[in-house]
>>> print(open('query.txt').read())   # compact mmCIF, C-alpha atoms and all ligand atoms
# COMPACT_ATOMS: atom_id res chain seq x y z
CA MET A 29 150.38 -126.24 14.17
CA LYS A 30 149.83 -122.57 13.33
CA LYS A 31 147.75 -120.62 15.82
CA THR A 32 144.66 -118.82 14.59
CA ALA A 33 143.66 -115.55 16.23
CA LEU A 34 140.33 -113.80 15.92
CA ILE A 35 140.38 -110.08 16.72
CA PHE A 36 137.19 -108.16 17.45
CA GLY A 37 138.08 -104.48 16.97
CA VAL A 38 140.72 -105.19 14.32
CA THR A 39 140.30 -101.76 12.68
CA GLY A 40 141.16 -99.85 15.88
CA GLN A 41 144.55 -98.66 17.14
CA ASP A 42 145.31 -101.81 19.14
CA GLY A 43 143.75 -104.08 16.51
CA ALA A 44 146.25 -102.81 13.94
CA TYR A 45 149.30 -103.19 16.22
CA LEU A 46 148.16 -106.60 17.47
CA SER A 47 147.52 -107.90 13.94
CA LYS A 48 151.06 -106.98 12.91
CA LEU A 49 152.54 -108.55 16.03
CA LEU A 50 150.63 -111.82 15.58
CA LEU A 51 151.48 -112.06 11.88
CA LYS A 52 155.14 -111.62 12.81
CA LYS A 53 154.69 -114.50 15.24
CA ASN A 54 153.39 -116.62 12.38
CA TYR A 55 149.71 -116.64 13.36
CA ILE A 56 146.83 -116.75 10.93
CA VAL A 57 144.84 -113.64 11.80
CA HIS A 58 141.11 -113.10 11.31
CA GLY A 59 139.55 -109.76 12.12
CA VAL A 60 135.99 -108.56 12.55
CA LYS A 61 135.15 -105.22 11.00
CA ARG A 62 131.95 -103.25 11.00
CA ARG A 63 130.06 -102.24 7.92
CA SER A 64 130.44 -98.49 7.48
CA SER A 65 129.34 -95.99 4.84
CA ASN A 66 132.94 -94.81 4.69
CA LEU A 67 136.25 -96.65 4.59
CA ASN A 68 137.18 -97.60 8.16
CA SER A 69 140.16 -99.87 7.62
CA TYR A 70 142.94 -97.34 6.98
CA ARG A 71 144.97 -98.63 9.96
CA ILE A 72 145.21 -102.13 8.49
CA ASP A 73 145.23 -101.32 4.78
CA ASP A 74 148.99 -101.89 4.59
CA ILE A 75 148.54 -105.45 5.87
CA TYR A 76 145.54 -106.14 3.70
CA SER A 77 147.19 -104.90 0.54
CA ASP A 78 150.31 -107.03 1.02
CA PRO A 79 149.84 -109.79 -1.56
CA LEU A 80 151.98 -112.23 0.45
CA ILE A 81 149.72 -111.90 3.47
CA LYS A 82 146.29 -111.08 2.07
CA LYS A 83 145.10 -114.42 0.75
CA THR A 84 146.79 -116.79 3.19
CA LYS A 85 147.30 -115.16 6.59
CA PHE A 86 144.95 -112.24 7.12
CA PHE A 87 141.17 -112.38 6.69
CA LEU A 88 138.41 -109.89 7.44
CA HIS A 89 134.77 -110.63 8.26
CA TYR A 90 131.86 -108.27 8.64
CA GLY A 91 130.33 -108.41 12.09
CA ASP A 92 129.34 -106.46 15.16
CA ILE A 93 129.53 -107.44 18.82
CA THR A 94 126.02 -106.07 19.38
CA ASP A 95 124.84 -108.81 17.01
CA SER A 96 124.92 -112.26 18.64
CA ILE A 97 124.31 -114.03 15.34
CA SER A 98 127.39 -112.58 13.66
CA VAL A 99 129.52 -113.19 16.77
CA PHE A 100 128.47 -116.84 16.93
CA ASN A 101 128.74 -117.50 13.19
CA ILE A 102 132.19 -115.94 12.83
CA ILE A 103 133.64 -117.89 15.79
CA LYS A 104 132.13 -121.11 14.47
CA LYS A 105 133.51 -120.52 10.98
CA VAL A 106 137.00 -119.29 11.92
CA LYS A 107 137.68 -121.92 14.63
CA PRO A 108 140.19 -119.66 16.42
CA THR A 109 142.64 -120.81 19.06
CA GLU A 110 142.65 -117.33 20.60
CA ILE A 111 140.05 -114.56 20.64
CA TYR A 112 141.01 -110.98 21.45
CA ASN A 113 138.08 -108.72 22.33
CA LEU A 114 139.32 -105.21 21.56
CA ALA A 115 135.99 -104.01 20.18
CA ALA A 116 134.43 -101.13 22.06
CA GLN A 117 132.89 -97.70 21.93
CA SER A 118 136.13 -96.54 23.49
CA HIS A 119 135.57 -92.81 24.04
CA VAL A 120 134.87 -92.05 27.70
CA GLY A 121 133.36 -88.60 27.04
CA VAL A 122 131.07 -89.92 24.30
CA SER A 123 129.85 -92.71 26.60
CA PHE A 124 127.88 -90.09 28.57
CA GLU A 125 126.03 -89.20 25.38
CA ILE A 126 125.37 -92.76 24.15
CA PRO A 127 125.29 -94.76 27.41
CA GLU A 128 122.95 -97.51 26.23
CA TYR A 129 124.90 -98.21 23.06
CA THR A 130 128.17 -98.08 25.02
CA THR A 131 126.80 -100.65 27.48
CA ASN A 132 125.48 -102.88 24.73
CA THR A 133 128.90 -102.92 23.04
CA ASP A 134 131.36 -102.68 25.93
CA ALA A 135 129.50 -104.89 28.43
CA LEU A 136 127.08 -107.20 26.63
CA GLY A 137 129.41 -107.60 23.64
CA THR A 138 131.86 -109.43 25.90
CA LEU A 139 129.11 -111.68 27.23
CA ARG A 140 128.09 -112.58 23.66
CA ILE A 141 131.64 -113.70 22.83
CA LEU A 142 132.04 -115.67 26.07
CA GLU A 143 128.70 -117.40 25.57
CA ALA A 144 129.70 -118.35 22.01
CA ILE A 145 133.00 -119.77 23.31
CA ILE A 146 131.34 -122.09 25.80
CA LYS A 147 128.83 -123.25 23.19
CA ILE A 148 131.34 -123.73 20.34
CA ASN A 149 134.63 -124.79 21.95
CA LYS A 150 135.70 -124.29 25.55
CA LYS A 151 139.36 -124.60 24.55
CA ILE A 152 139.38 -121.20 22.81
CA LYS A 153 141.46 -118.72 24.81
CA PHE A 154 139.93 -115.29 25.45
CA TYR A 155 141.37 -111.84 26.15
CA GLN A 156 139.21 -108.97 27.39
CA ALA A 157 140.44 -105.40 26.87
CA GLY A 158 139.87 -103.95 30.32
CA SER A 159 140.74 -100.40 31.28
CA SER A 160 142.23 -98.26 34.03
CA GLU A 161 138.96 -96.32 33.73
CA MET A 162 137.53 -99.06 35.99
CA PHE A 163 139.61 -97.54 38.83
CA GLY A 164 137.92 -94.18 38.13
CA LYS A 165 137.80 -92.19 41.36
CA VAL A 166 140.87 -94.01 42.62
CA VAL A 167 140.90 -95.34 46.16
CA GLU A 168 144.68 -95.82 46.22
CA THR A 169 147.79 -94.88 44.21
CA PRO A 170 149.38 -96.59 42.40
CA GLN A 171 146.63 -98.90 41.18
CA THR A 172 147.29 -102.65 41.12
CA GLU A 173 145.25 -105.77 40.32
CA LYS A 174 144.02 -105.64 43.93
CA THR A 175 142.87 -102.00 43.96
CA PRO A 176 139.08 -101.74 44.37
CA PHE A 177 137.21 -100.33 41.37
CA TYR A 178 135.17 -97.09 41.29
CA PRO A 179 134.21 -96.33 37.67
CA ARG A 180 133.15 -92.77 36.77
CA SER A 181 131.47 -93.10 33.37
CA PRO A 182 129.08 -95.37 31.47
CA TYR A 183 132.23 -96.59 29.68
CA GLY A 184 133.99 -97.46 32.94
CA VAL A 185 130.91 -99.19 34.34
CA ALA A 186 130.46 -101.24 31.15
CA LYS A 187 134.13 -102.28 31.17
CA LEU A 188 133.76 -103.34 34.79
CA TYR A 189 130.88 -105.63 33.84
CA SER A 190 133.11 -107.17 31.16
CA HIS A 191 135.94 -107.61 33.67
CA TRP A 192 133.74 -109.54 36.10
CA ILE A 193 131.81 -111.56 33.52
CA THR A 194 135.19 -112.71 32.16
CA ILE A 195 136.24 -113.85 35.65
CA ASN A 196 132.84 -115.43 36.19
CA TYR A 197 133.02 -117.50 32.98
CA ARG A 198 136.61 -118.48 33.83
CA GLU A 199 135.51 -119.80 37.22
CA ALA A 200 132.16 -121.26 36.19
CA TYR A 201 133.17 -122.96 32.93
CA LYS A 202 136.94 -123.40 33.49
CA ILE A 203 137.81 -121.57 30.29
CA PHE A 204 141.06 -119.69 29.61
CA ALA A 205 139.57 -116.21 29.96
CA THR A 206 141.89 -113.30 30.78
CA ASN A 207 141.62 -109.60 31.58
CA GLY A 208 144.12 -106.90 30.76
CA ILE A 209 143.69 -103.74 32.82
CA LEU A 210 145.44 -101.40 30.44
CA PHE A 211 146.24 -97.79 31.22
CA ASN A 212 146.11 -95.17 28.45
CA HIS A 213 148.25 -96.11 25.48
CA GLU A 214 148.81 -93.97 22.48
CA SER A 215 150.59 -94.09 19.11
CA PRO A 216 150.56 -92.49 15.68
CA LEU A 217 147.44 -94.62 15.04
CA ARG A 218 145.50 -93.23 18.02
CA GLY A 219 141.97 -91.99 17.25
CA GLU A 220 141.91 -88.26 16.56
CA THR A 221 139.49 -87.32 19.34
CA PHE A 222 141.72 -88.62 22.17
CA VAL A 223 143.67 -85.89 23.88
CA THR A 224 147.25 -86.94 22.99
CA LYS A 225 146.57 -87.30 19.27
CA LYS A 226 144.49 -84.13 19.26
CA VAL A 227 147.30 -82.14 20.89
CA VAL A 228 150.11 -83.57 18.74
CA LYS A 229 148.20 -83.11 15.49
CA ALA A 230 147.10 -79.57 16.33
CA LEU A 231 150.49 -78.34 17.55
CA CYS A 232 152.20 -79.75 14.44
CA LYS A 233 149.70 -77.87 12.28
CA ILE A 234 150.05 -74.70 14.37
CA LYS A 235 153.82 -74.90 13.98
CA TYR A 236 153.47 -74.96 10.19
CA LYS A 237 150.64 -72.35 10.16
CA LYS A 238 147.96 -74.77 9.00
CA GLN A 239 145.83 -74.22 12.11
CA LYS A 240 145.44 -71.26 14.44
CA LYS A 241 144.05 -72.63 17.66
CA LEU A 242 143.39 -75.79 19.65
CA PHE A 243 140.45 -76.21 22.04
CA VAL A 244 140.79 -78.68 24.90
CA GLY A 245 139.02 -79.54 28.17
CA ASN A 246 140.43 -80.31 31.61
CA LEU A 247 144.15 -79.48 31.72
CA TYR A 248 144.75 -80.93 35.15
CA SER A 249 143.70 -84.59 34.99
CA LYS A 250 146.70 -86.90 35.22
CA ARG A 251 147.28 -89.95 33.06
CA ASP A 252 149.78 -92.81 32.89
CA TRP A 253 150.52 -92.90 29.14
CA GLY A 254 152.32 -95.73 27.35
CA HIS A 255 152.92 -96.77 23.73
CA ALA A 256 150.42 -99.12 22.04
CA SER A 257 153.23 -101.20 20.49
CA ASP A 258 154.46 -102.15 23.99
CA TYR A 259 150.94 -102.83 25.24
CA VAL A 260 149.96 -105.30 22.49
CA GLU A 261 153.10 -107.26 23.37
CA ALA A 262 151.72 -107.43 26.93
CA ILE A 263 148.31 -108.53 25.64
CA TRP A 264 149.93 -111.41 23.76
CA LYS A 265 151.98 -112.40 26.81
CA ILE A 266 148.83 -112.44 28.97
CA MET A 267 147.38 -114.99 26.53
CA GLN A 268 150.54 -117.15 26.59
CA ASN A 269 150.72 -117.29 30.40
CA LYS A 270 150.36 -120.73 31.98
CA LYS A 271 147.06 -119.86 33.62
CA PRO A 272 144.33 -117.36 32.82
CA ASP A 273 144.77 -114.29 35.00
CA ASP A 274 144.31 -110.51 35.24
CA PHE A 275 147.14 -108.00 34.73
CA VAL A 276 147.66 -104.27 35.10
CA ILE A 277 149.68 -102.86 32.17
CA CYS A 278 151.05 -99.33 32.59
CA THR A 279 154.29 -97.32 32.86
CA GLY A 280 154.06 -96.21 36.50
CA LYS A 281 154.57 -92.55 35.51
CA GLN A 282 151.89 -89.87 35.28
CA TYR A 283 151.61 -86.41 33.74
CA THR A 284 148.87 -83.78 33.52
CA ILE A 285 147.37 -82.86 30.17
CA LYS A 286 149.09 -79.48 30.52
CA GLN A 287 152.47 -81.16 31.05
CA PHE A 288 151.82 -83.31 27.99
CA ILE A 289 151.03 -80.20 25.93
CA ASN A 290 154.21 -78.50 27.18
CA MET A 291 156.33 -81.54 26.30
CA VAL A 292 154.90 -81.65 22.76
CA ALA A 293 155.48 -77.90 22.38
CA THR A 294 159.08 -78.23 23.58
CA GLU A 295 159.74 -81.07 21.15
CA LEU A 296 158.37 -78.88 18.32
CA ARG A 297 160.31 -75.84 19.58
CA ILE A 298 157.13 -73.84 20.12
CA LYS A 299 157.46 -71.54 23.13
CA VAL A 300 154.19 -71.44 25.06
CA LYS A 301 153.22 -69.16 27.92
CA TRP A 302 150.16 -69.95 30.01
CA ARG A 303 147.98 -67.15 31.39
CA GLY A 304 144.65 -67.07 33.25
CA ASN A 305 142.87 -69.53 35.50
CA GLY A 306 140.21 -72.23 35.30
CA ILE A 307 138.25 -72.32 32.06
CA LYS A 308 139.93 -69.02 31.09
CA GLU A 309 143.44 -70.48 31.16
CA LYS A 310 145.04 -70.01 27.72
CA ALA A 311 148.39 -70.65 26.04
CA TYR A 312 150.16 -68.03 23.92
CA ASP A 313 153.03 -68.35 21.48
CA ASN A 314 156.09 -66.10 21.12
CA ASN A 315 154.12 -63.53 19.13
CA ASN A 316 151.43 -63.40 21.81
CA ASN A 317 148.92 -65.28 19.65
CA CYS A 318 146.53 -67.41 21.69
CA ILE A 319 147.06 -70.96 20.42
CA ILE A 320 145.26 -73.04 23.08
CA GLU A 321 141.96 -72.37 24.83
CA CYS A 322 139.73 -74.43 27.10
CA SER A 323 136.17 -75.19 26.13
CA LYS A 324 133.40 -76.52 28.38
CA LYS A 325 132.45 -78.84 25.52
CA TYR A 326 135.41 -81.11 26.30
CA PHE A 327 134.80 -81.44 30.05
CA ARG A 328 133.04 -84.56 31.32
CA PRO A 329 130.10 -84.75 33.76
CA ALA A 330 132.34 -86.83 36.04
CA GLU A 331 136.13 -86.84 35.63
CA VAL A 332 138.83 -89.37 36.42
CA ASP A 333 141.34 -87.01 38.03
CA THR A 334 144.38 -89.20 38.40
CA LEU A 335 145.64 -92.57 37.17
CA LYS A 336 148.98 -94.18 37.86
CA GLY A 337 149.52 -97.91 37.70
CA ASP A 338 151.93 -100.47 39.12
CA TYR A 339 152.97 -103.19 36.66
CA SER A 340 154.96 -105.32 39.15
CA LYS A 341 152.78 -108.40 38.60
CA ALA A 342 153.22 -108.28 34.80
CA LYS A 343 156.97 -107.73 35.26
CA LYS A 344 157.30 -110.69 37.59
CA ILE A 345 155.04 -113.22 35.86
CA LEU A 346 155.07 -112.15 32.20
CA LYS A 347 158.56 -110.60 32.18
CA TRP A 348 156.98 -107.54 30.59
CA LYS A 349 158.03 -103.93 30.92
CA PRO A 350 157.46 -100.91 28.68
CA LYS A 351 160.19 -100.08 26.16
CA HIS A 352 158.93 -96.57 25.43
CA ASN A 353 158.81 -93.59 27.73
CA ILE A 354 156.75 -90.42 27.37
CA LYS A 355 159.48 -88.70 25.30
CA SER A 356 159.87 -91.49 22.75
CA LEU A 357 156.07 -91.78 22.53
CA ILE A 358 155.75 -88.06 21.77
CA LYS A 359 158.60 -88.21 19.24
CA ASP A 360 156.94 -91.11 17.42
CA MET A 361 153.57 -89.34 17.30
CA ILE A 362 155.10 -86.05 16.13
CA SER A 363 157.21 -87.63 13.41
CA TYR A 364 154.12 -89.34 11.97
CA GLU A 365 152.16 -86.06 11.87
CA LEU A 366 155.06 -84.09 10.35
CA ASN A 367 155.37 -86.69 7.63
CA ILE A 368 151.71 -86.25 6.75
CA LEU A 369 152.11 -82.47 6.66
CA LYS A 370 155.19 -82.78 4.43
CA ASN A 371 153.34 -84.99 1.96
CA ASP A 372 150.36 -82.61 2.02
CA LYS A 373 152.37 -79.75 0.51
P1 LIG B 1 139.71 -97.90 19.16
O1 LIG B 1 138.55 -97.02 19.46
O2 LIG B 1 140.84 -97.38 18.33
O3 LIG B 1 139.17 -99.24 18.43
C1 LIG B 1 137.97 -99.84 18.81
C2 LIG B 1 137.64 -100.92 17.81
O4 LIG B 1 136.38 -101.50 18.16
C3 LIG B 1 137.49 -100.42 16.37
O5 LIG B 1 137.96 -101.41 15.50
C4 LIG B 1 135.98 -100.28 16.23
O6 LIG B 1 135.52 -100.34 14.90
C5 LIG B 1 135.55 -101.51 17.01
N1 LIG B 1 134.15 -101.49 17.42
C6 LIG B 1 133.48 -100.49 18.05
N2 LIG B 1 132.20 -100.86 18.27
C7 LIG B 1 132.05 -102.11 17.75
C8 LIG B 1 130.98 -103.02 17.65
N3 LIG B 1 129.77 -102.72 18.13
N4 LIG B 1 131.21 -104.22 17.07
C9 LIG B 1 132.43 -104.53 16.56
N5 LIG B 1 133.48 -103.71 16.62
C10 LIG B 1 133.29 -102.52 17.21
O7 LIG B 1 140.24 -98.45 20.55
P2 LIG B 1 141.74 -98.90 20.96
O8 LIG B 1 142.33 -99.69 19.86
O9 LIG B 1 142.44 -97.72 21.51
O10 LIG B 1 141.44 -99.84 22.20
C11 LIG B 1 141.16 -101.23 22.02
C12 LIG B 1 140.37 -101.74 23.20
O11 LIG B 1 141.09 -101.53 24.39
C13 LIG B 1 139.02 -101.05 23.41
O12 LIG B 1 138.14 -102.01 23.92
C14 LIG B 1 139.31 -100.01 24.47
O13 LIG B 1 138.15 -99.70 25.21
C15 LIG B 1 140.33 -100.74 25.31
N6 LIG B 1 141.29 -99.93 26.01
C16 LIG B 1 142.02 -98.98 25.31
C17 LIG B 1 142.98 -98.25 25.96
C18 LIG B 1 143.77 -97.21 25.25
O14 LIG B 1 144.38 -96.38 25.93
N7 LIG B 1 143.85 -97.22 23.93
C19 LIG B 1 143.27 -98.46 27.40
C20 LIG B 1 142.45 -99.50 28.00
C21 LIG B 1 141.52 -100.19 27.32
P3 LIG B 1 135.47 -99.03 13.96
O15 LIG B 1 136.89 -98.84 13.47
O16 LIG B 1 134.52 -99.42 12.91
O17 LIG B 1 135.02 -97.89 14.82
P1 LIG B 2 140.63 -91.32 28.50
O1 LIG B 2 141.41 -90.63 27.28
O2 LIG B 2 139.35 -90.67 28.78
O3 LIG B 2 141.62 -91.41 29.62
O4 LIG B 2 140.30 -92.75 27.90
P2 LIG B 2 141.23 -89.21 26.60
O5 LIG B 2 142.45 -88.98 25.80
O6 LIG B 2 139.91 -89.08 25.93
O7 LIG B 2 141.21 -88.22 27.88
C1 LIG B 2 142.28 -88.16 28.78
C2 LIG B 2 142.08 -86.97 29.71
O8 LIG B 2 142.25 -85.77 28.96
C3 LIG B 2 141.21 -84.86 29.31
N1 LIG B 2 141.02 -83.94 28.20
C4 LIG B 2 140.55 -84.25 26.99
N2 LIG B 2 140.15 -85.43 26.46
C5 LIG B 2 139.75 -85.43 25.16
N3 LIG B 2 139.39 -86.60 24.60
N4 LIG B 2 139.71 -84.30 24.40
C6 LIG B 2 140.08 -83.08 24.90
O9 LIG B 2 140.03 -82.07 24.21
C7 LIG B 2 140.54 -83.06 26.26
N5 LIG B 2 140.99 -82.07 27.05
C8 LIG B 2 141.28 -82.61 28.22
C9 LIG B 2 140.02 -85.76 29.61
O10 LIG B 2 139.04 -85.05 30.37
C10 LIG B 2 140.71 -86.89 30.37
O11 LIG B 2 140.85 -86.52 31.70
C11 LIG B 2 141.25 -93.48 27.12
C12 LIG B 2 140.44 -94.34 26.12
O12 LIG B 2 141.35 -94.94 25.21
C13 LIG B 2 139.69 -95.45 26.85
O13 LIG B 2 139.11 -96.32 25.89
C14 LIG B 2 140.68 -96.22 27.73
O14 LIG B 2 140.01 -97.22 28.42
C15 LIG B 2 141.38 -95.28 28.69
O15 LIG B 2 142.07 -94.29 27.94
C16 LIG B 2 142.38 -95.98 29.58
>>> encode(input="query.txt", output="C-alpha cells", more="lines below")
Ligand code: NDP
Ligand code: GDR
Amino acid sequence: MKKTALIFGVTGQDGAYLSKLLLKKNYIVHGVKRRSSNLNSYRIDDIYSDPLIKKTKFFLHYGDITDSISVFNIIKKVKPTEIYNLAAQSHVGVSFEIPEYTTNTDALGTLRILEAIIKINKKIKFYQAGSSEMFGKVVETPQTEKTPFYPRSPYGVAKLYSHWITINYREAYKIFATNGILFNHESPLRGETFVTKKVVKALCKIKYKKQKKLFVGNLYSKRDWGHASDYVEAIWKIMQNKKPDDFVICTGKQYTIKQFINMVATELRIKVKWRGNGIKEKAYDNNNNCIIECSKKYFRPAEVDTLKGDYSKAKKILKWKPKHNIKSLIKDMISYELNILKNDK
C-alpha cells in the first residue's frame, strides 16, 4: 500500500526538498501551509503545477501549528502513515525579538502534533526537526547524540523542549517518534535572511553591479554547513529505521562566516581584501571599493560560536553520509542566483 506523508512546514526549504523526495519514492504527500496575504508557496509551485501530480499525489491544507484545532482536524482527515514536523519560526536572531511566538510554534507546536497522534492513531510515525542550536554554547567538540545541550536563544530553548517532549511521548505512549538533530543545511531554496543565502545572493549581484554593498554580523562564528538535499534523505532514513531514535546529521567540517564569504568570492572570481578589526572590519574589491561591512544589527544578544558535528551514528545505523561538500554547495547556490540574474536582464 502507498504510504501517505503529512508535512508541517511544506512551504519551507526542507519541506520543498522532502516533498520531492517522497513523491519520487511513490508517497502520497499532504502539506500544511499557512494563510498569508502574499504568495508563500514559490518553493513548491513546480510540484503543485504539475498536472500529473497535482490532483492525485500532492495536496495542500491550510493550517497552523499554533492552532490545535487545525492540527487535529488535518491529521484526522489525511490519515497519514508518517508525519514530518518541519514547521518552525526558524530564524535564531528573530527568536530574540518574538520569543513567545517562537516558543508557541517551535515548542508547543510539536506537543500539539504529538497529542493529536496519540488521540487519533498511535501507529502514525513522527519526525521532529531538531537543531544543532540545542548544543548552543558547546560543551564538547564534535557534538554527538550524547553531547549535553546548552541552548543560547529562545529558538534553541524551544527546540530543546520539542526534542524532549518527542522522547517523552515515545517512552510514555510507545509511539514511533524520532528526532533529527540537524546541523545547518543550505541550498538554492534557503530563506534569504540566513547568512549563506544572503552572502551568495549579494556577491552575485555585486559581481554584476546590481548591488554595491553587503552588511553582515559576526564574521567569526563557525558552522558545519551541509546541503538540504542530502539532509532530507537522512530525515527519510530516520523514519524508516527499525526503531524510533535520535540522530545527529552533519558534515563534520566547519568554517567561519568569513571563510564562507571568501570561498564564495573565489568561486565568483571577486578578489577581496579584508582590512580593520572588530565591527570595523571591512572587505574591499580590486578597485578599493568597500563591498562588505559589519553592522551591529545582525549580531545576536547571545551567539553560538562554534558548531561541528559527528555523524558516526547515522553512518553506522542509517548508512547515511553527505554527498555534497562546501564547494559543491556553494557552486549550486551560485549557479541558481546567476540564473536569476541572467533572466532578469
Ligand atoms: P524554513 O524557515 O525554510 O521553513 C519553515 C516552515 O515552517 C515554512 O513552511 C513556514 O511557513 C512553516 N511555519 C512557520 N511557522 C508556522 C506555523 N506557526 N504553523 C505552520 N507552519 C509554520 O525552515 P527550513 O526548511 O530551513 O527548516 C525546516 C525545519 O528544520 C525547521 O523546523 C527548522 O527549525 C529546522 N532546522 C533547520 C535547519 C537548517 O539549517 N535549515 C537545521 C536544523 C533544524 P511559511 O513559508 O508560511 O513561513
Ligand atoms: P543559524 O543560521 O543561526 O546557525 O541557524 P544563520 O545563517 O542565521 O546564522 C549563522 C551564523 O552567521 C552569523 N551571521 C549572520 N547571520 C545572519 N542570519 N545574517 C547575517 O547577516 C549574519 N552575519 C553573521 C550568525 O550570527 C550565526 O552565527 C540556522 C537556522 O536554519 C536554524 O533554524 C537551524 O536550526 C540552525 O541553522 C541549525
>>> residues_around(input="query.txt", residues="Asp74 of chain A", least_positions_apart="4", cutoff="12 Å", atoms="all atoms listed in the file", output="ChimeraX atom specification")
/A:39,44-45,47-48,69-70,78-82,86
>>> residues_around(input="query.txt", residues="Glu261 of chain A", least_positions_apart="5", cutoff="9 Å", atoms="only C-alpha atoms", output="PDB file with C-alpha atoms, in the coordinates of the input")
ATOM      1  CA  LEU A  46     148.160-106.600  17.470  1.00  0.00           C
ATOM      2  CA  LEU A  49     152.540-108.550  16.030  1.00  0.00           C
ATOM      3  CA  ALA A 256     150.420 -99.120  22.040  1.00  0.00           C
ATOM      4  CA  ILE A 266     148.830-112.440  28.970  1.00  0.00           C
ATOM      5  CA  TRP A 348     156.980-107.540  30.590  1.00  0.00           C
TER       6      TRP A 348
END
>>> residues_near_ligand(input="query.txt", ligand="ligand LIG 1 (chain B)", cutoff="7 Å", atoms="only C-alpha atoms and all ligand atoms", output="JSON, numbers by chain")
{"A": [36, 37, 38, 39, 40, 41, 42, 43, 60, 61, 62, 64, 68, 69, 91, 92, 93, 94, 113, 114, 115, 116, 117, 118, 119, 133, 157, 158, 159, 160, 209, 210, 211, 212, 213, 214, 218, 219]}
>>> write_last_selection(input="query.txt", atoms="C-alpha atoms", output="PDB file, keeping the file's coordinate frame")
ATOM      1  CA  PHE A  36     137.190-108.160  17.450  1.00  0.00           C
ATOM      2  CA  GLY A  37     138.080-104.480  16.970  1.00  0.00           C
ATOM      3  CA  VAL A  38     140.720-105.190  14.320  1.00  0.00           C
ATOM      4  CA  THR A  39     140.300-101.760  12.680  1.00  0.00           C
ATOM      5  CA  GLY A  40     141.160 -99.850  15.880  1.00  0.00           C
ATOM      6  CA  GLN A  41     144.550 -98.660  17.140  1.00  0.00           C
ATOM      7  CA  ASP A  42     145.310-101.810  19.140  1.00  0.00           C
ATOM      8  CA  GLY A  43     143.750-104.080  16.510  1.00  0.00           C
ATOM      9  CA  VAL A  60     135.990-108.560  12.550  1.00  0.00           C
ATOM     10  CA  LYS A  61     135.150-105.220  11.000  1.00  0.00           C
ATOM     11  CA  ARG A  62     131.950-103.250  11.000  1.00  0.00           C
ATOM     12  CA  SER A  64     130.440 -98.490   7.480  1.00  0.00           C
ATOM     13  CA  ASN A  68     137.180 -97.600   8.160  1.00  0.00           C
ATOM     14  CA  SER A  69     140.160 -99.870   7.620  1.00  0.00           C
ATOM     15  CA  GLY A  91     130.330-108.410  12.090  1.00  0.00           C
ATOM     16  CA  ASP A  92     129.340-106.460  15.160  1.00  0.00           C
ATOM     17  CA  ILE A  93     129.530-107.440  18.820  1.00  0.00           C
ATOM     18  CA  THR A  94     126.020-106.070  19.380  1.00  0.00           C
ATOM     19  CA  ASN A 113     138.080-108.720  22.330  1.00  0.00           C
ATOM     20  CA  LEU A 114     139.320-105.210  21.560  1.00  0.00           C
ATOM     21  CA  ALA A 115     135.990-104.010  20.180  1.00  0.00           C
ATOM     22  CA  ALA A 116     134.430-101.130  22.060  1.00  0.00           C
ATOM     23  CA  GLN A 117     132.890 -97.700  21.930  1.00  0.00           C
ATOM     24  CA  SER A 118     136.130 -96.540  23.490  1.00  0.00           C
ATOM     25  CA  HIS A 119     135.570 -92.810  24.040  1.00  0.00           C
ATOM     26  CA  THR A 133     128.900-102.920  23.040  1.00  0.00           C
ATOM     27  CA  ALA A 157     140.440-105.400  26.870  1.00  0.00           C
ATOM     28  CA  GLY A 158     139.870-103.950  30.320  1.00  0.00           C
ATOM     29  CA  SER A 159     140.740-100.400  31.280  1.00  0.00           C
ATOM     30  CA  SER A 160     142.230 -98.260  34.030  1.00  0.00           C
ATOM     31  CA  ILE A 209     143.690-103.740  32.820  1.00  0.00           C
ATOM     32  CA  LEU A 210     145.440-101.400  30.440  1.00  0.00           C
ATOM     33  CA  PHE A 211     146.240 -97.790  31.220  1.00  0.00           C
ATOM     34  CA  ASN A 212     146.110 -95.170  28.450  1.00  0.00           C
ATOM     35  CA  HIS A 213     148.250 -96.110  25.480  1.00  0.00           C
ATOM     36  CA  GLU A 214     148.810 -93.970  22.480  1.00  0.00           C
ATOM     37  CA  ARG A 218     145.500 -93.230  18.020  1.00  0.00           C
ATOM     38  CA  GLY A 219     141.970 -91.990  17.250  1.00  0.00           C
TER      39      GLY A 219
END
>>> residues_around(input="query.txt", residues="Thr334 of chain A", least_positions_apart="5", cutoff="12 Å", atoms="only C-alpha atoms", output="JSON, numbers by chain")
{"A": [160, 161, 163, 164, 165, 166, 167, 168, 169, 170, 171, 180, 211, 212, 246, 247, 248, 249, 250, 251, 252, 253, 281, 282, 283, 284, 285]}
>>> write_last_selection(input="query.txt", atoms="C-alpha atoms", output="JSON list (two decimals), keeping the file's coordinate frame")
[["chain", "number", "residue", "atom", "x", "y", "z"],
["A", 160, "SER", "CA", 142.23, -98.26, 34.03],
["A", 161, "GLU", "CA", 138.96, -96.32, 33.73],
["A", 163, "PHE", "CA", 139.61, -97.54, 38.83],
["A", 164, "GLY", "CA", 137.92, -94.18, 38.13],
["A", 165, "LYS", "CA", 137.80, -92.19, 41.36],
["A", 166, "VAL", "CA", 140.87, -94.01, 42.62],
["A", 167, "VAL", "CA", 140.90, -95.34, 46.16],
["A", 168, "GLU", "CA", 144.68, -95.82, 46.22],
["A", 169, "THR", "CA", 147.79, -94.88, 44.21],
["A", 170, "PRO", "CA", 149.38, -96.59, 42.40],
["A", 171, "GLN", "CA", 146.63, -98.90, 41.18],
["A", 180, "ARG", "CA", 133.15, -92.77, 36.77],
["A", 211, "PHE", "CA", 146.24, -97.79, 31.22],
["A", 212, "ASN", "CA", 146.11, -95.17, 28.45],
["A", 246, "ASN", "CA", 140.43, -80.31, 31.61],
["A", 247, "LEU", "CA", 144.15, -79.48, 31.72],
["A", 248, "TYR", "CA", 144.75, -80.93, 35.15],
["A", 249, "SER", "CA", 143.70, -84.59, 34.99],
["A", 250, "LYS", "CA", 146.70, -86.90, 35.22],
["A", 251, "ARG", "CA", 147.28, -89.95, 33.06],
["A", 252, "ASP", "CA", 149.78, -92.81, 32.89],
["A", 253, "TRP", "CA", 150.52, -92.90, 29.14],
["A", 281, "LYS", "CA", 154.57, -92.55, 35.51],
["A", 282, "GLN", "CA", 151.89, -89.87, 35.28],
["A", 283, "TYR", "CA", 151.61, -86.41, 33.74],
["A", 284, "THR", "CA", 148.87, -83.78, 33.52],
["A", 285, "ILE", "CA", 147.37, -82.86, 30.17]]
